[in-house]
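Visitor: Just coords33.cif, nothing more (mmCIF, C-alpha atoms):
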```cif
data_start
#
loop_
_atom_site.label_atom_id
_atom_site.label_comp_id
_atom_site.auth_asym_id
_atom_site.auth_seq_id
_atom_site.Cartn_x
_atom_site.Cartn_y
_atom_site.Cartn_z
CA MET A 1 -28.62 64.51 82.88
CA ASN A 2 -29.94 61.39 84.47
CA ALA A 3 -33.46 62.11 85.60
CA ARG A 4 -33.56 59.39 88.20
CA GLY A 5 -31.91 61.45 90.92
CA LEU A 6 -30.19 59.70 93.77
CA GLY A 7 -31.26 56.33 92.47
CA SER A 8 -29.03 56.81 89.45
CA GLU A 9 -25.91 56.61 91.55
CA LEU A 10 -26.79 53.12 92.69
CA LYS A 11 -25.59 50.31 90.50
CA ASP A 12 -28.17 48.10 88.88
CA SER A 13 -26.86 44.59 89.02
CA ILE A 14 -25.30 43.18 92.13
CA PRO A 15 -22.41 40.74 91.85
CA VAL A 16 -22.87 37.62 93.89
CA THR A 17 -19.87 35.63 95.08
CA GLU A 18 -20.18 32.12 93.78
CA LEU A 19 -20.41 29.52 96.48
CA SER A 20 -17.33 27.46 95.86
CA ALA A 21 -16.19 24.52 97.89
CA SER A 22 -12.68 24.67 96.47
CA GLY A 23 -9.74 26.80 97.64
CA PRO A 24 -9.43 30.58 97.54
CA PHE A 25 -7.98 30.69 94.01
CA GLU A 26 -10.47 28.37 92.35
CA SER A 27 -13.82 29.60 91.20
CA HIS A 28 -15.25 26.48 89.62
CA ASP A 29 -17.64 24.32 91.64
CA LEU A 30 -16.88 20.82 90.41
CA LEU A 31 -19.72 19.06 92.19
CA ARG A 32 -22.55 21.17 90.89
CA LYS A 33 -21.31 22.35 87.56
CA GLY A 34 -19.29 19.39 86.33
CA PHE A 35 -15.99 19.76 84.51
CA SER A 36 -15.24 23.27 83.39
CA CYS A 37 -15.32 24.00 79.71
CA VAL A 38 -15.60 27.27 77.83
CA LYS A 39 -18.34 25.81 75.67
CA ASN A 40 -20.50 25.20 78.74
CA GLU A 41 -20.38 28.82 79.75
CA LEU A 42 -21.22 30.16 76.33
CA LEU A 43 -23.84 27.71 75.11
CA PRO A 44 -27.07 27.01 76.98
CA SER A 45 -27.34 23.61 78.68
CA HIS A 46 -30.98 23.04 77.72
CA PRO A 47 -32.90 24.16 74.62
CA LEU A 48 -35.40 26.00 76.78
CA GLU A 49 -32.89 27.81 78.97
CA LEU A 50 -32.59 30.98 76.90
CA SER A 51 -36.24 31.22 76.01
CA GLU A 52 -37.25 30.82 79.66
CA LYS A 53 -34.73 33.39 80.85
CA ASN A 54 -36.08 35.98 78.44
CA PHE A 55 -39.70 34.95 78.57
CA GLN A 56 -41.04 37.85 80.66
CA LEU A 57 -39.02 40.34 78.63
CA ASN A 58 -40.31 39.02 75.33
CA GLN A 59 -43.84 38.92 76.64
CA ASP A 60 -43.58 42.57 77.66
CA LYS A 61 -42.14 43.55 74.29
CA MET A 62 -44.94 41.76 72.45
CA ASN A 63 -47.60 43.38 74.59
CA PHE A 64 -46.11 46.84 74.14
CA SER A 65 -45.90 46.51 70.39
CA THR A 66 -49.53 45.30 70.20
CA LEU A 67 -50.57 48.21 72.39
CA ARG A 68 -48.70 50.63 70.16
CA ASN A 69 -50.48 49.30 67.09
CA ILE A 70 -53.89 49.59 68.71
CA GLN A 71 -53.70 52.76 70.79
CA GLY A 72 -50.77 54.72 69.42
CA LEU A 73 -47.36 55.55 70.80
CA PHE A 74 -48.42 57.22 74.04
CA ALA A 75 -49.92 54.05 75.59
CA PRO A 76 -46.74 51.93 75.76
CA LEU A 77 -44.69 54.99 76.74
CA LYS A 78 -46.95 55.75 79.68
CA LEU A 79 -46.97 52.11 80.76
CA GLN A 80 -43.19 51.89 80.54
CA MET A 81 -42.91 54.97 82.69
CA GLU A 82 -45.11 53.29 85.29
CA PHE A 83 -43.00 50.14 85.11
CA LYS A 84 -39.81 52.08 85.72
CA ALA A 85 -41.39 54.03 88.56
CA VAL A 86 -42.53 50.88 90.26
CA GLN A 87 -39.18 49.11 89.84
CA GLN A 88 -37.42 51.88 91.79
CA VAL A 89 -39.15 50.95 95.01
CA GLN A 90 -37.14 48.02 96.31
CA ARG A 91 -35.87 46.74 99.62
CA LEU A 92 -32.23 46.54 100.70
CA PRO A 93 -30.01 44.89 98.08
CA PHE A 94 -29.79 41.48 99.72
CA LEU A 95 -33.55 41.13 100.35
CA SER A 96 -35.82 40.11 97.48
CA SER A 97 -38.80 42.29 96.80
CA SER A 98 -42.26 40.91 96.14
CA ASN A 99 -42.71 43.27 93.16
CA LEU A 100 -46.43 43.42 93.80
CA SER A 101 -47.05 46.63 91.84
CA LEU A 102 -45.06 45.29 88.91
CA ASP A 103 -47.14 42.12 88.95
CA ILE A 104 -50.34 44.15 88.99
CA LEU A 105 -49.19 46.25 86.04
CA ARG A 106 -48.25 43.17 84.08
CA GLY A 107 -51.44 41.36 84.98
CA ASN A 108 -49.60 38.55 86.77
CA ASP A 109 -51.53 39.06 90.00
CA GLU A 110 -54.55 37.32 88.52
CA THR A 111 -52.81 34.25 87.12
CA ILE A 112 -50.76 31.44 88.54
CA GLY A 113 -47.93 29.76 86.74
CA PHE A 114 -44.89 27.61 87.38
CA GLU A 115 -42.91 30.70 88.37
CA ASP A 116 -45.17 31.10 91.43
CA ILE A 117 -44.73 27.55 92.58
CA LEU A 118 -41.22 26.43 91.64
CA ASN A 119 -38.10 28.22 92.89
CA ASP A 120 -39.92 31.01 94.68
CA PRO A 121 -37.25 33.71 95.23
CA SER A 122 -38.61 34.55 98.69
CA GLN A 123 -37.92 30.95 99.75
CA SER A 124 -34.43 30.76 98.28
CA GLU A 125 -31.85 29.07 100.53
CA VAL A 126 -28.92 31.25 99.48
CA MET A 127 -28.50 34.91 100.12
CA GLY A 128 -25.78 37.36 99.21
CA GLU A 129 -23.56 38.69 101.97
CA PRO A 130 -25.45 41.78 103.20
CA HIS A 131 -22.46 44.03 103.91
CA LEU A 132 -20.76 43.31 100.62
CA MET A 133 -23.92 43.86 98.64
CA VAL A 134 -24.80 47.15 100.27
CA GLU A 135 -21.23 48.38 99.87
CA TYR A 136 -21.20 47.46 96.20
CA LYS A 137 -24.55 49.10 95.63
CA LEU A 138 -23.39 52.33 97.20
CA GLY A 139 -20.14 52.23 95.25
CA LEU A 140 -17.94 51.97 98.32
CA LEU A 141 -16.42 48.66 97.35
CA MET B 1 -15.17 35.28 91.42
CA LEU B 2 -17.81 37.95 91.21
CA LYS B 3 -20.51 37.43 88.63
CA PRO B 4 -23.34 39.90 88.15
CA ALA B 5 -26.63 38.33 89.11
CA LEU B 6 -29.99 39.30 87.71
CA GLU B 7 -32.95 39.50 90.01
CA PRO B 8 -33.91 35.98 91.12
CA ARG B 9 -36.86 34.52 89.23
CA GLY B 10 -39.12 31.62 89.95
CA GLY B 11 -39.93 28.85 87.50
CA PHE B 12 -37.85 26.03 86.12
CA SER B 13 -34.17 25.90 86.95
CA PHE B 14 -31.68 24.44 84.48
CA GLU B 15 -28.77 24.22 86.94
CA ASN B 16 -28.32 20.48 86.80
CA CYS B 17 -28.65 19.96 83.04
CA GLN B 18 -24.93 20.34 82.35
CA ARG B 19 -24.08 18.04 85.24
CA ASN B 20 -26.53 15.38 84.00
CA ALA B 21 -25.19 15.60 80.46
CA SER B 22 -21.60 15.23 81.57
CA LEU B 23 -22.52 12.33 83.90
CA GLU B 24 -24.12 10.52 80.99
CA ARG B 25 -20.99 11.10 78.90
CA VAL B 26 -18.52 10.09 81.56
CA LEU B 27 -20.29 7.00 82.98
CA PRO B 28 -21.25 4.76 80.07
CA GLY B 29 -23.30 2.28 82.10
CA LEU B 30 -25.50 4.90 83.72
CA LYS B 31 -29.24 4.57 83.14
CA VAL B 32 -30.88 7.96 83.42
CA PRO B 33 -34.31 7.80 85.14
CA HIS B 34 -37.17 8.50 82.75
CA ALA B 35 -40.50 10.14 83.37
CA ARG B 36 -43.43 7.74 83.68
CA LYS B 37 -45.76 7.77 80.67
CA THR B 38 -49.35 6.69 81.04
CA GLY B 39 -49.79 4.58 77.86
CA THR B 40 -53.45 5.37 77.62
CA THR B 41 -56.69 5.28 75.78
CA ILE B 42 -58.71 8.45 76.21
CA ALA B 43 -61.72 9.40 74.10
CA GLY B 44 -64.52 11.93 74.00
CA LEU B 45 -67.60 12.63 71.96
CA VAL B 46 -70.30 15.25 71.69
CA PHE B 47 -73.89 14.04 72.02
CA GLN B 48 -77.30 15.63 72.03
CA ASP B 49 -77.22 17.29 75.44
CA GLY B 50 -73.53 17.71 76.06
CA VAL B 51 -70.15 16.02 76.05
CA ILE B 52 -69.01 12.64 77.37
CA LEU B 53 -65.34 11.87 78.10
CA GLY B 54 -63.84 8.46 78.81
CA ALA B 55 -60.50 6.99 79.83
CA ASP B 56 -58.89 3.75 80.94
CA THR B 57 -57.09 3.46 84.29
CA ARG B 58 -53.65 1.96 83.70
CA ALA B 59 -50.38 3.81 84.28
CA THR B 60 -47.27 2.09 82.92
CA ASN B 61 -43.57 2.49 83.63
CA ASP B 62 -41.97 1.23 80.41
CA SER B 63 -43.32 -2.31 80.41
CA VAL B 64 -44.45 -2.59 84.02
CA VAL B 65 -47.90 -1.60 85.22
CA ALA B 66 -47.31 1.10 87.81
CA ASP B 67 -50.92 1.85 88.74
CA LYS B 68 -53.99 -0.28 87.96
CA SER B 69 -56.51 2.35 88.88
CA CYS B 70 -55.29 5.87 88.27
CA GLU B 71 -57.57 8.79 87.44
CA LYS B 72 -57.08 10.29 84.04
CA ILE B 73 -60.12 12.57 83.93
CA HIS B 74 -59.15 15.83 85.62
CA PHE B 75 -61.35 18.65 86.85
CA ILE B 76 -60.81 22.08 85.34
CA ALA B 77 -64.06 23.94 86.00
CA PRO B 78 -67.49 22.79 87.26
CA LYS B 79 -68.57 22.06 83.69
CA ILE B 80 -65.21 21.50 81.98
CA TYR B 81 -63.17 18.33 82.38
CA CYS B 82 -59.97 17.20 80.73
CA CYS B 83 -58.52 13.75 79.98
CA GLY B 84 -54.74 13.52 80.01
CA ALA B 85 -52.35 11.20 78.15
CA GLY B 86 -48.59 11.24 77.71
CA VAL B 87 -46.23 11.79 80.63
CA ALA B 88 -48.32 11.31 83.79
CA ALA B 89 -46.82 14.11 85.90
CA ASP B 90 -46.90 16.61 83.05
CA ALA B 91 -50.58 15.98 82.34
CA GLU B 92 -51.47 16.16 86.04
CA MET B 93 -49.54 19.36 86.80
CA THR B 94 -50.61 21.13 83.64
CA THR B 95 -54.27 20.44 84.28
CA ARG B 96 -54.00 21.53 87.91
CA MET B 97 -52.29 24.75 86.89
CA VAL B 98 -54.93 25.47 84.28
CA ALA B 99 -57.73 24.70 86.76
CA SER B 100 -56.27 27.26 89.20
CA LYS B 101 -55.83 29.79 86.41
CA MET B 102 -59.44 29.34 85.33
CA GLU B 103 -60.71 29.79 88.87
CA LEU B 104 -58.77 33.06 89.23
CA HIS B 105 -59.99 34.19 85.84
CA ALA B 106 -63.61 33.37 86.66
CA LEU B 107 -63.34 35.24 89.95
CA SER B 108 -61.87 38.32 88.31
CA THR B 109 -64.28 38.46 85.36
CA GLY B 110 -67.32 37.31 87.34
CA ARG B 111 -68.33 34.88 84.58
CA GLU B 112 -68.18 31.13 84.09
CA ALA B 113 -65.10 29.76 82.37
CA ARG B 114 -65.38 28.90 78.69
CA VAL B 115 -63.94 25.81 77.03
CA ALA B 116 -62.24 27.92 74.35
CA THR B 117 -60.41 29.87 77.07
CA VAL B 118 -59.17 26.65 78.66
CA THR B 119 -57.96 25.38 75.30
CA ARG B 120 -56.18 28.62 74.48
CA VAL B 121 -54.42 28.76 77.85
CA LEU B 122 -53.34 25.13 77.50
CA CYS B 123 -52.01 25.67 73.99
CA GLN B 124 -50.06 28.75 74.99
CA THR B 125 -48.55 26.98 78.00
CA LEU B 126 -47.58 23.89 76.00
CA PHE B 127 -46.12 25.92 73.14
CA ARG B 128 -44.05 27.93 75.58
CA TYR B 129 -42.25 24.71 76.55
CA ARG B 130 -41.89 23.54 72.92
CA GLY B 131 -43.18 20.02 73.54
CA HIS B 132 -40.89 19.25 76.49
CA VAL B 133 -44.03 19.11 78.64
CA GLY B 134 -45.37 15.87 77.16
CA ALA B 135 -49.09 16.16 77.82
CA SER B 136 -51.76 15.24 75.23
CA LEU B 137 -55.14 16.36 76.45
CA ILE B 138 -58.78 16.09 75.44
CA VAL B 139 -60.73 19.06 76.80
CA GLY B 140 -64.51 18.78 76.87
CA GLY B 141 -67.20 20.92 78.43
CA VAL B 142 -70.40 22.84 78.15
CA ASP B 143 -70.54 26.61 78.37
CA LEU B 144 -72.95 29.28 77.14
CA THR B 145 -72.00 28.64 73.51
CA GLY B 146 -72.88 24.95 73.77
CA PRO B 147 -71.01 21.65 74.15
CA GLN B 148 -67.45 21.62 72.78
CA LEU B 149 -64.65 19.08 72.49
CA TYR B 150 -61.01 19.93 71.72
CA SER B 151 -57.92 17.75 71.43
CA VAL B 152 -54.64 19.40 72.40
CA HIS B 153 -51.22 18.00 71.44
CA PRO B 154 -47.93 18.35 73.35
CA HIS B 155 -46.44 20.99 71.09
CA GLY B 156 -49.43 23.28 71.42
CA SER B 157 -51.70 22.53 68.46
CA TYR B 158 -55.40 21.91 68.93
CA SER B 159 -58.43 20.76 66.89
CA ARG B 160 -62.11 21.12 67.59
CA LEU B 161 -63.86 17.84 66.78
CA PRO B 162 -67.17 16.02 67.33
CA PHE B 163 -65.34 12.89 68.54
CA THR B 164 -61.69 12.15 69.22
CA ALA B 165 -59.31 9.71 70.90
CA LEU B 166 -55.70 10.10 72.07
CA GLY B 167 -53.03 7.97 73.68
CA SER B 168 -51.37 4.72 72.71
CA GLY B 169 -54.77 3.06 72.24
CA GLN B 170 -56.17 5.80 70.03
CA GLY B 171 -56.15 3.63 66.90
CA GLU B 172 -58.48 1.04 68.39
CA ALA B 173 -60.76 3.62 69.98
CA LEU B 174 -60.96 5.75 66.85
CA ALA B 175 -61.83 2.71 64.74
CA VAL B 176 -64.91 2.06 66.90
CA LEU B 177 -65.87 5.71 67.02
CA GLU B 178 -65.53 6.30 63.29
CA ASP B 179 -67.64 3.26 62.55
CA ARG B 180 -70.58 4.04 64.78
CA PHE B 181 -70.61 7.73 65.66
CA GLN B 182 -73.77 9.68 64.74
CA PRO B 183 -74.37 13.36 65.46
CA ASN B 184 -76.95 14.12 68.18
CA MET B 185 -77.00 10.71 69.87
CA THR B 186 -78.90 10.15 73.10
CA LEU B 187 -77.05 9.77 76.39
CA GLU B 188 -77.44 5.97 76.55
CA ALA B 189 -76.24 5.44 72.99
CA ALA B 190 -73.31 7.80 73.48
CA GLN B 191 -72.31 6.16 76.76
CA GLY B 192 -72.50 2.69 75.19
CA LEU B 193 -70.39 3.75 72.22
CA LEU B 194 -67.80 5.39 74.43
CA VAL B 195 -67.49 2.34 76.68
CA GLU B 196 -67.01 0.17 73.58
CA ALA B 197 -64.33 2.48 72.23
CA ILE B 198 -62.34 2.50 75.48
CA THR B 199 -62.82 -1.28 75.84
CA ALA B 200 -61.38 -1.75 72.35
CA GLY B 201 -58.35 0.24 73.46
CA ILE B 202 -58.01 -1.75 76.70
CA LEU B 203 -58.21 -5.13 74.98
CA GLY B 204 -56.17 -4.24 71.90
CA ASP B 205 -53.37 -2.07 73.31
CA LEU B 206 -50.81 -3.26 75.82
CA GLY B 207 -50.37 0.13 77.41
CA SER B 208 -54.05 0.50 78.32
CA GLY B 209 -55.92 -1.57 80.85
CA GLY B 210 -57.96 -1.53 84.01
CA ASN B 211 -61.48 -0.16 84.08
CA VAL B 212 -63.36 2.37 82.03
CA ASP B 213 -63.98 5.78 83.65
CA ALA B 214 -66.36 8.29 82.15
CA CYS B 215 -67.56 11.83 82.75
CA VAL B 216 -70.89 13.13 81.44
CA ILE B 217 -71.11 16.92 81.16
CA THR B 218 -74.40 18.63 80.38
CA LYS B 219 -75.80 22.12 80.75
CA THR B 220 -76.83 21.41 84.33
CA GLY B 221 -73.52 20.03 85.54
CA ALA B 222 -70.96 17.24 85.34
CA LYS B 223 -71.08 13.72 86.69
CA LEU B 224 -67.92 11.67 87.08
CA LEU B 225 -68.62 7.92 86.65
CA ARG B 226 -65.66 6.09 88.07
CA THR B 227 -65.31 2.40 87.10
CA LEU B 228 -68.21 2.46 84.73
CA SER B 229 -67.23 -0.90 83.26
CA SER B 230 -64.60 -3.58 83.90
CA PRO B 231 -63.88 -5.40 80.66
CA THR B 232 -61.25 -7.69 82.19
CA GLU B 233 -61.70 -9.95 85.20
CA PRO B 234 -58.88 -10.43 87.69
CA VAL B 235 -56.97 -13.65 87.04
CA LYS B 236 -58.12 -16.60 89.19
CA ARG B 237 -55.31 -18.54 90.82
CA SER B 238 -55.28 -22.04 89.40
CA GLY B 239 -53.98 -24.04 92.39
CA ARG B 240 -54.06 -23.98 96.17
CA TYR B 241 -50.85 -22.86 97.83
CA HIS B 242 -51.71 -24.09 101.31
CA PHE B 243 -49.78 -27.22 102.36
CA VAL B 244 -51.01 -29.72 104.94
CA PRO B 245 -48.61 -30.28 107.86
CA GLY B 246 -46.66 -33.48 107.16
CA THR B 247 -46.36 -32.79 103.41
CA THR B 248 -42.59 -32.58 103.78
CA ALA B 249 -41.00 -35.71 105.31
CA VAL B 250 -38.81 -35.18 108.42
CA LEU B 251 -35.52 -37.01 107.95
CA THR B 252 -33.60 -36.36 111.19
CA GLN B 253 -34.28 -34.54 114.43
CA THR B 254 -31.77 -33.23 117.02
CA VAL B 255 -32.86 -31.72 120.37
CA LYS B 256 -30.43 -29.54 122.37
CA PRO B 257 -31.80 -28.40 125.76
CA LEU B 258 -30.66 -25.04 127.03
CA THR B 259 -29.93 -25.43 130.75
CA LEU B 260 -30.16 -22.49 133.09
CA GLU B 261 -28.96 -22.78 136.68
CA LEU B 262 -29.89 -20.44 139.48
CA VAL B 263 -26.66 -18.76 140.58
CA GLU B 264 -27.74 -16.11 143.06
CA GLU B 265 -30.91 -15.09 144.83
CA THR B 266 -31.23 -11.85 146.77
CA VAL B 267 -34.16 -10.85 148.97
CA GLN B 268 -34.54 -7.20 149.86
CA ALA B 269 -37.15 -5.70 152.18
CA MET B 270 -38.80 -2.52 150.92
CA GLU B 271 -40.81 -0.17 153.24
CA ARG B 272 -43.20 -2.70 154.63
CA GLN B 273 -44.95 -3.02 151.27
CA GLY B 274 -43.68 -6.15 149.80
CA PHE B 275 -40.65 -8.15 149.10
CA ILE B 276 -38.94 -8.14 145.81
CA THR B 277 -36.82 -11.05 144.90
CA LEU B 278 -34.28 -10.50 142.21
CA PRO B 279 -33.29 -13.80 140.80
CA ARG B 280 -30.18 -13.71 138.74
CA LEU B 281 -30.11 -16.23 135.99
CA VAL B 282 -27.01 -17.26 134.17
CA SER B 283 -26.99 -19.71 131.32
CA ASN B 284 -24.02 -21.93 130.78
CA SER B 285 -23.37 -20.85 127.26
CA CYS B 286 -23.63 -17.10 127.47
CA ASN B 287 -21.91 -14.72 129.84
CA GLN B 288 -24.64 -12.14 130.15
CA ALA B 289 -26.87 -11.81 133.18
CA SER B 290 -30.51 -10.88 132.96
CA TYR B 291 -32.18 -8.93 135.70
CA LEU B 292 -35.86 -8.67 136.42
CA CYS B 293 -35.98 -5.10 137.62
CA LEU B 294 -39.68 -4.36 137.86
CA PRO B 295 -41.38 -4.23 141.28
CA LYS B 296 -44.04 -6.85 141.79
CA PHE B 297 -46.85 -4.43 142.62
CA TRP B 298 -47.45 -0.71 142.95
CA HIS B 299 -48.96 1.07 145.92
CA TYR B 300 -50.43 4.21 144.52
CA ARG B 301 -50.72 6.17 147.73
CA ARG B 302 -46.98 6.44 147.95
CA LYS B 303 -44.48 7.52 145.38
CA PRO B 304 -43.18 4.44 143.54
CA PRO B 305 -39.64 3.43 144.50
CA HIS B 306 -36.87 4.66 142.30
CA PRO B 307 -35.45 1.79 140.21
CA ALA B 308 -31.92 2.73 141.26
CA LEU B 309 -32.76 2.00 144.91
CA ILE B 310 -34.04 -1.45 144.03
CA CYS B 311 -31.09 -2.62 142.03
CA SER B 312 -28.35 -1.39 144.35
#
```
How does this structure look as structure tokens?

Guide:
Amino acid sequence: MNARGLGSELKDSIPVTELSASGPFESHDLLRKGFSCVKNELLPSHPLELSEKNFQLNQDKMNFSTLRNIQGLFAPLKLQMEFKAVQQVQRLPFLSSSNLSLDILRGNDETIGFEDILNDPSQSEVMGEPHLMVEYKLGLL
Amino acid sequence: MLKPALEPRGGFSFENCQRNASLERVLPGLKVPHARKTGTTIAGLVFQDGVILGADTRATNDSVVADKSCEKIHFIAPKIYCCGAGVAADAEMTTRMVASKMELHALSTGREARVATVTRVLCQTLFRYRGHVGASLIVGGVDLTGPQLYSVHPHGSYSRLPFTALGSGQGEALAVLEDRFQPNMTLEAAQGLLVEAITAGILGDLGSGGNVDACVITKTGAKLLRTLSSPTEPVKRSGRYHFVPGTTAVLTQTVKPLTLELVEETVQAMERQGFITLPRLVSNSCNQASYLCLPKFWHYRRKPPHPALICS
């Protein structure tokens, strides 16, 4: 039923163990997150947090809807198929991919923005535990 | 605790916002560091052959002058320049980002950048951050459609105008410009008017000061005129601060000699080259001994003696 083949058995999002300096039964990092409060987890901490998290998604949606209005339904459908095809090709779960083809399709290879300079994922100092992540991805965990 | 993580993205990170907010709540005396604003006068006007932009050179940190000679006219493209007011870092980084974007765009289209493109990219970037990037910019340049001048505000709005001024000194500068601006002025008249407008801002506004910088952009290219005029002279010190010896009277004088007596003297022969005497000096007041451990001369044909052999 799922046309993606073997890739469909792999889970999409990988859980990452939170780096916690406290004991084995505590999950809240006091130093970095401050005092724990349900409100803090539900509400965003900065007015721009939500809009920045969803920025690429909203940009894509806007572009697709404009494309549909100009060229008809087939154009965004074909592009979305290409997006999905290109997102299948990734490295091992704990290594970040450069997503070059995705950038080319979106047109981000010819621009530079703050997302290229600040917090570059390939230079991130934390990494998920490789064994755990591969096991989770394969459903063995 | 396992939390699902989305793919890591670049860009701004809001990790510390909650921590900062709770620190401010919990510690009442805490003064949160603020971004440095420039407190500026920037102005621009369109003249017969092109566009001229001007700015002062003072950067302030609340009420302290942080920089007396900073550059507020930024390069975007060979014939497009941009003056920045507002938060200093925001204006600087935004203009650098837009300059890089324009270079990539020009390389991919094979054409020169247009001023309208620069303005649109700036407005879209500033609107994306809803005014949190506090940069007010005056974009001026000449492209194939002619000379153009735009003023861009921090929330992302823009206006195309024949003359404009922004910053804390905009009132003074605009007063001069509105009084004496004429369309199609010559370069000398336009330069004189611009210098007067920025000077009015420097003399009338506390946040602006320093010298007047200008940039003249025409069809053939751009010329950056740094320190075109200095309306204020540096303050001359009123007195001499050098005092003649004997100005202060000496009331009493006490002399305490430090006596050193020779306690021990050792003479050691060393390979027929020379004698090294190692006097050992002890002062009466302190218990430490000082050794002179260096050989008196070197003979370069032989390996120099190891210091451990000398001091044994």

Visitor: Assuming the chain letters and numbering stay as they are in my file, what does the PyMOL selection byres ((chain A and resi 95) around 10) actually select? List them as a PyMOL selection string.

Guide: chain A and resi 90-94+96-98+121-122+127-128+130

Visitor: Next, write the just-selected residues to a file, as a PDB file, keeping the file's coordinate frame, keeping C-alpha atoms as the atom set.

Guide:
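Just written: selection.pdb:
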```pdb
ATOM      1  CA  GLN A  90     -37.140  48.020  96.310  1.00  0.00           C
ATOM      2  CA  ARG A  91     -35.870  46.740  99.620  1.00  0.00           C
ATOM      3  CA  LEU A  92     -32.230  46.540 100.700  1.00  0.00           C
ATOM      4  CA  PRO A  93     -30.010  44.890  98.080  1.00  0.00           C
ATOM      5  CA  PHE A  94     -29.790  41.480  99.720  1.00  0.00           C
ATOM      6  CA  SER A  96     -35.820  40.110  97.480  1.00  0.00           C
ATOM      7  CA  SER A  97     -38.800  42.290  96.800  1.00  0.00           C
ATOM      8  CA  SER A  98     -42.260  40.910  96.140  1.00  0.00           C
ATOM      9  CA  PRO A 121     -37.250  33.710  95.230  1.00  0.00           C
ATOM     10  CA  SER A 122     -38.610  34.550  98.690  1.00  0.00           C
ATOM     11  CA  MET A 127     -28.500  34.910 100.120  1.00  0.00           C
ATOM     12  CA  GLY A 128     -25.780  37.360  99.210  1.00  0.00           C
ATOM     13  CA  PRO A 130     -25.450  41.780 103.200  1.00  0.00           C
TER      14      PRO A 130
END
```

Visitor: Which residues fall under the PyMOL selection byres ((chain B) within 10 of (chain A)) in this file, as a PyMOL selection string?

Guide: chain B and resi 1-23+93-94+97-105+107-108+125+128-130+132

Visitor: The PyMOL selection byres ((chain B and resi 119) around 8) - which residues does that actually catch in the file I just gave you? List them as an NGL selection string.

Guide: :B and (115-118 or 120-123 or 139 or 150 or 152 or 158)

Visitor: What does the distance between CA of Arg36 (chain B) and CA of Thr60 (chain B) come to in Å, to one decimal place?

Guide: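 CA of Arg36 (chain B) sits 6.9 Å away from CA of Thr60 (chain B).
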
Visitor: Step by step: start from the point (-48.3, 50.1, 73.1) in the file's coordinates, keep every protein, DNA or RNA residue that has an atom no farther than 12 Å from it, count all atoms listed in the file, and write the set as a PyMOL selection string.

Guide: chain A and resi 60-80

Visitor: Using Å and a single decimal, report how far CA of Met185 (chain B) sits from CA of Thr145 (chain B).

Guide: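 Separation of CA of Thr145 (chain B) and CA of Met185 (chain B): 19.0 Å.
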